[in-house]
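S.K.: Dropping a structure here in structure tokens format, bear with me for questions.
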Amino acid sequence: IIDTFRSAVDLNRGEIRLDDLNLDGKGVAGIRKICLIACGTSYHACMVGKYMIENMCRIPVEVDLGSEFRYRGPLLGQDTLLVVISQSGETADTRAALQEGLEKGAVCRAIVNVVGSSLVRMAGGVIYTHAGPEIGVASTKAFTAQLVALYLFGLYFAVASGRLDRQELSAYIQELIELPRKVSDILARSEELSGLARRFMNCRDFLYLGRGILYPIALEGALKLKEISYIHAEGYAAGEMKHGPIALIDEQMPVVVLMQKGPLFEKMLSNVQEVKARGGQVIALVEGKADERIGPPENRFLIPESSPWLAPVLFTVPLQLLAYQIAVLRGTDVDQPRNLAKSVTV
Ligand code: F1P
């Protein structure tokens with residue numbers, strides 16, 4: 001996170017510089033729509049990016065899977081900015097989506113971790129995530145770095161399109177400066193998650209619920225658990241629970257709820273009550289202070305307060321740690337999960 005941040009923020013001048021992106025004010029002025037495309041974990045970053053960019057830049061953002069994009073005959077033109085996101089920079093379906101963009105004349109850029117990879121060579125510009133090599137197959141630090149890169153991209157685009165002034169920008173940058181300390185705080189408390197891991201490691205199914213910008217983080221939390229511990233897990237938008245998954249809830253079902261402070265908190269609380277009324281076990285990640293209505297303290301993990309746009313980073317880290325600890329207890333190979341490839345090139 002620190003390296004992603006350092007590569008783009010000029011603290012002396014209070015500016016964001018994305019030189020390798022190759023998109024100046026004139027380029028930005030010609031853009032009417034942004035498409036964010038990726039696969040797997042990187043797709044979840046795209047979903048978060050939509051919330052950030054639409055809010056910061058007031059421009060429509062479409063999100064699609066690399067594996068689906070080209071099959072729907074996407075409407076693209078010279079006023080579309082297509083941004084592909086990938087840890088490896090080699091994922092075949094993401095490459096095919098970028099190719100579709102190039103053929104239809106869209107402005108094509110990439111957010112990638114691996115320097116000089118295929119997507120970088122194809123796109124007209126890049127933001128490197130600078131996350132360093134991912135040792136394991138499942139994407140973890142690359143994901144949080146992608147979220148920071150999207151935050152920086154949103155701010156850069158907002159400034160270049162005249163949506164954000166210097167003073168507002170410096171408040172956003174300040175939030176970012178404080179992020180690593182908050183992540184360290186969570187890492188230092190990882191032991192708090194091991195009790196949860198021990199109690200729930202033998203469950204067959206997990207449900208993850210989030211709302212708003214934390215909905216994609218619920219999907220990502222579930223994906224990490226699936227990938228490394230082989231437990232079936234589903235992520236859902238909390239408001240959709242009553243449209244189906246509520247039928248699954250019983251005493252055997254842990255439900256991980258992501259509770260961001262602000263307008264959606266009370267709505268999440270009513271989801272918690274719905275789960276508890278059916279005997280489900282709630283594991284709550286709660287931003288800010290503990291709330292007695294949520295459940296017993298041993299099933300809670302507190303998340304440091306942050307701006308709504310950076311909360312996804314802070315909620316992701318304990319979800320990754322929980323998946324990791326459960327996987328270790330179950331004896332699976334965390335770095336090399338069965339059937340998974342580091343980059344899916346065919
Ligand atoms: C996409 C991805 C990863 C996943 C696994 C397989 O890769 O689905 O999210 O963890 O490694 O590939 P990428 O395009 O981000 O490299």
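Residues in the structure tokens are named by chain (A, B, ... in the order shown) and by number from 1 within that chain; ligands are numbered from 1 in the order shown.
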Just list the residues in region 167-331 of chain A DSSP gives alpha helix (DSSP H) on the backbone, as a PyMOL selection string.

M.R.: chain A and resi 167-188+191-200+215-229+265-277+311-330

S.K.: Please identify the strand (DSSP E) residues within region 159-340 of chain A (assignment by DSSP from backbone atoms) and present them as a list in words.

M.R.: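 DSSP-assigned strand (DSSP E) residues in region 159-340 of chain A: Asp205, Phe206, Leu207, Tyr208, Leu209, Gly210, His232, Ala233, Glu234, Gly235, Tyr236, Ala237, Pro254, Val255, Val256, Val257, Leu258, Met259, Gln281, Val282, Ile283, Ala284, Leu285, Val286, Glu287, Arg300, Phe301, Leu302 and Ile303 of chain A.
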
S.K.: When the cut-off is 9 Å and you count only C-alpha atoms and all ligand atoms, which residues lie near ligand 1, shown as number ranges by chain?

M.R.: A: 38-44, 66, 84-95, 112-114, 136-140, 142-143, 223-224, 227, 340-344

S.K.: Do you know which residues are at most 9 Å from Leu76 (chain A) counting only C-alpha atoms, after dropping those on the same chain fewer than 3 positions away, and could you put them as a list in words?

M.R.: Lys33, Cys35, Gly73, Asp79, Thr80, Leu81, Leu82, Glu100, Gly101, Lys104, Gly105 and Ala106 of chain A

S.K.: Would you save the residues of that selection, restricted to N, CA and C atoms, as a PDB file, in the first residue's frame?

M.R.:
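So the final result, stored in out_7.pdb, reads:
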ATOM      1  N   LYS A  33     -17.411   7.635 -20.644  1.00  0.00           N
ATOM      2  CA  LYS A  33     -17.771   6.409 -19.906  1.00  0.00           C
ATOM      3  C   LYS A  33     -16.500   5.635 -19.596  1.00  0.00           C
ATOM      4  N   CYS A  35     -15.074   1.764 -18.502  1.00  0.00           N
ATOM      5  CA  CYS A  35     -15.369   0.334 -18.281  1.00  0.00           C
ATOM      6  C   CYS A  35     -14.214  -0.268 -17.498  1.00  0.00           C
ATOM      7  N   GLY A  73     -21.134  -8.084 -26.931  1.00  0.00           N
ATOM      8  CA  GLY A  73     -21.057  -7.022 -27.928  1.00  0.00           C
ATOM      9  C   GLY A  73     -21.063  -5.648 -27.273  1.00  0.00           C
ATOM     10  N   ASP A  79     -14.790   7.578 -27.000  1.00  0.00           N
ATOM     11  CA  ASP A  79     -15.038   8.287 -25.739  1.00  0.00           C
ATOM     12  C   ASP A  79     -15.162   7.323 -24.552  1.00  0.00           C
ATOM     13  N   THR A  80     -14.799   6.043 -24.771  1.00  0.00           N
ATOM     14  CA  THR A  80     -14.812   5.067 -23.675  1.00  0.00           C
ATOM     15  C   THR A  80     -13.383   4.850 -23.189  1.00  0.00           C
ATOM     16  N   LEU A  81     -13.214   4.919 -21.888  1.00  0.00           N
ATOM     17  CA  LEU A  81     -11.925   4.541 -21.302  1.00  0.00           C
ATOM     18  C   LEU A  81     -12.079   3.133 -20.736  1.00  0.00           C
ATOM     19  N   LEU A  82     -11.385   2.180 -21.327  1.00  0.00           N
ATOM     20  CA  LEU A  82     -11.461   0.797 -20.860  1.00  0.00           C
ATOM     21  C   LEU A  82     -10.221   0.518 -20.006  1.00  0.00           C
ATOM     22  N   GLU A 100     -10.701  -6.533 -27.424  1.00  0.00           N
ATOM     23  CA  GLU A 100     -12.015  -6.054 -27.885  1.00  0.00           C
ATOM     24  C   GLU A 100     -12.050  -4.517 -27.843  1.00  0.00           C
ATOM     25  N   GLY A 101     -11.538  -3.965 -26.753  1.00  0.00           N
ATOM     26  CA  GLY A 101     -11.495  -2.504 -26.613  1.00  0.00           C
ATOM     27  C   GLY A 101     -10.627  -1.867 -27.681  1.00  0.00           C
ATOM     28  N   LYS A 104     -12.286  -1.821 -31.058  1.00  0.00           N
ATOM     29  CA  LYS A 104     -13.419  -0.891 -31.180  1.00  0.00           C
ATOM     30  C   LYS A 104     -13.014   0.564 -30.946  1.00  0.00           C
ATOM     31  N   GLY A 105     -11.713   0.805 -30.841  1.00  0.00           N
ATOM     32  CA  GLY A 105     -11.220   2.187 -30.773  1.00  0.00           C
ATOM     33  C   GLY A 105     -11.317   2.851 -29.414  1.00  0.00           C
ATOM     34  N   ALA A 106     -11.555   2.071 -28.352  1.00  0.00           N
ATOM     35  CA  ALA A 106     -11.614   2.666 -27.008  1.00  0.00           C
ATOM     36  C   ALA A 106     -10.213   3.078 -26.554  1.00  0.00           C
TER      37      ALA A 106
END

S.K.: Would you mind reading off the distance between CA of Val61 (chain A) and CA of Leu36 (chain A), one decimal, in Å?

M.R.: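 Rounded to one decimal, the two atoms are 7.2 Å apart.
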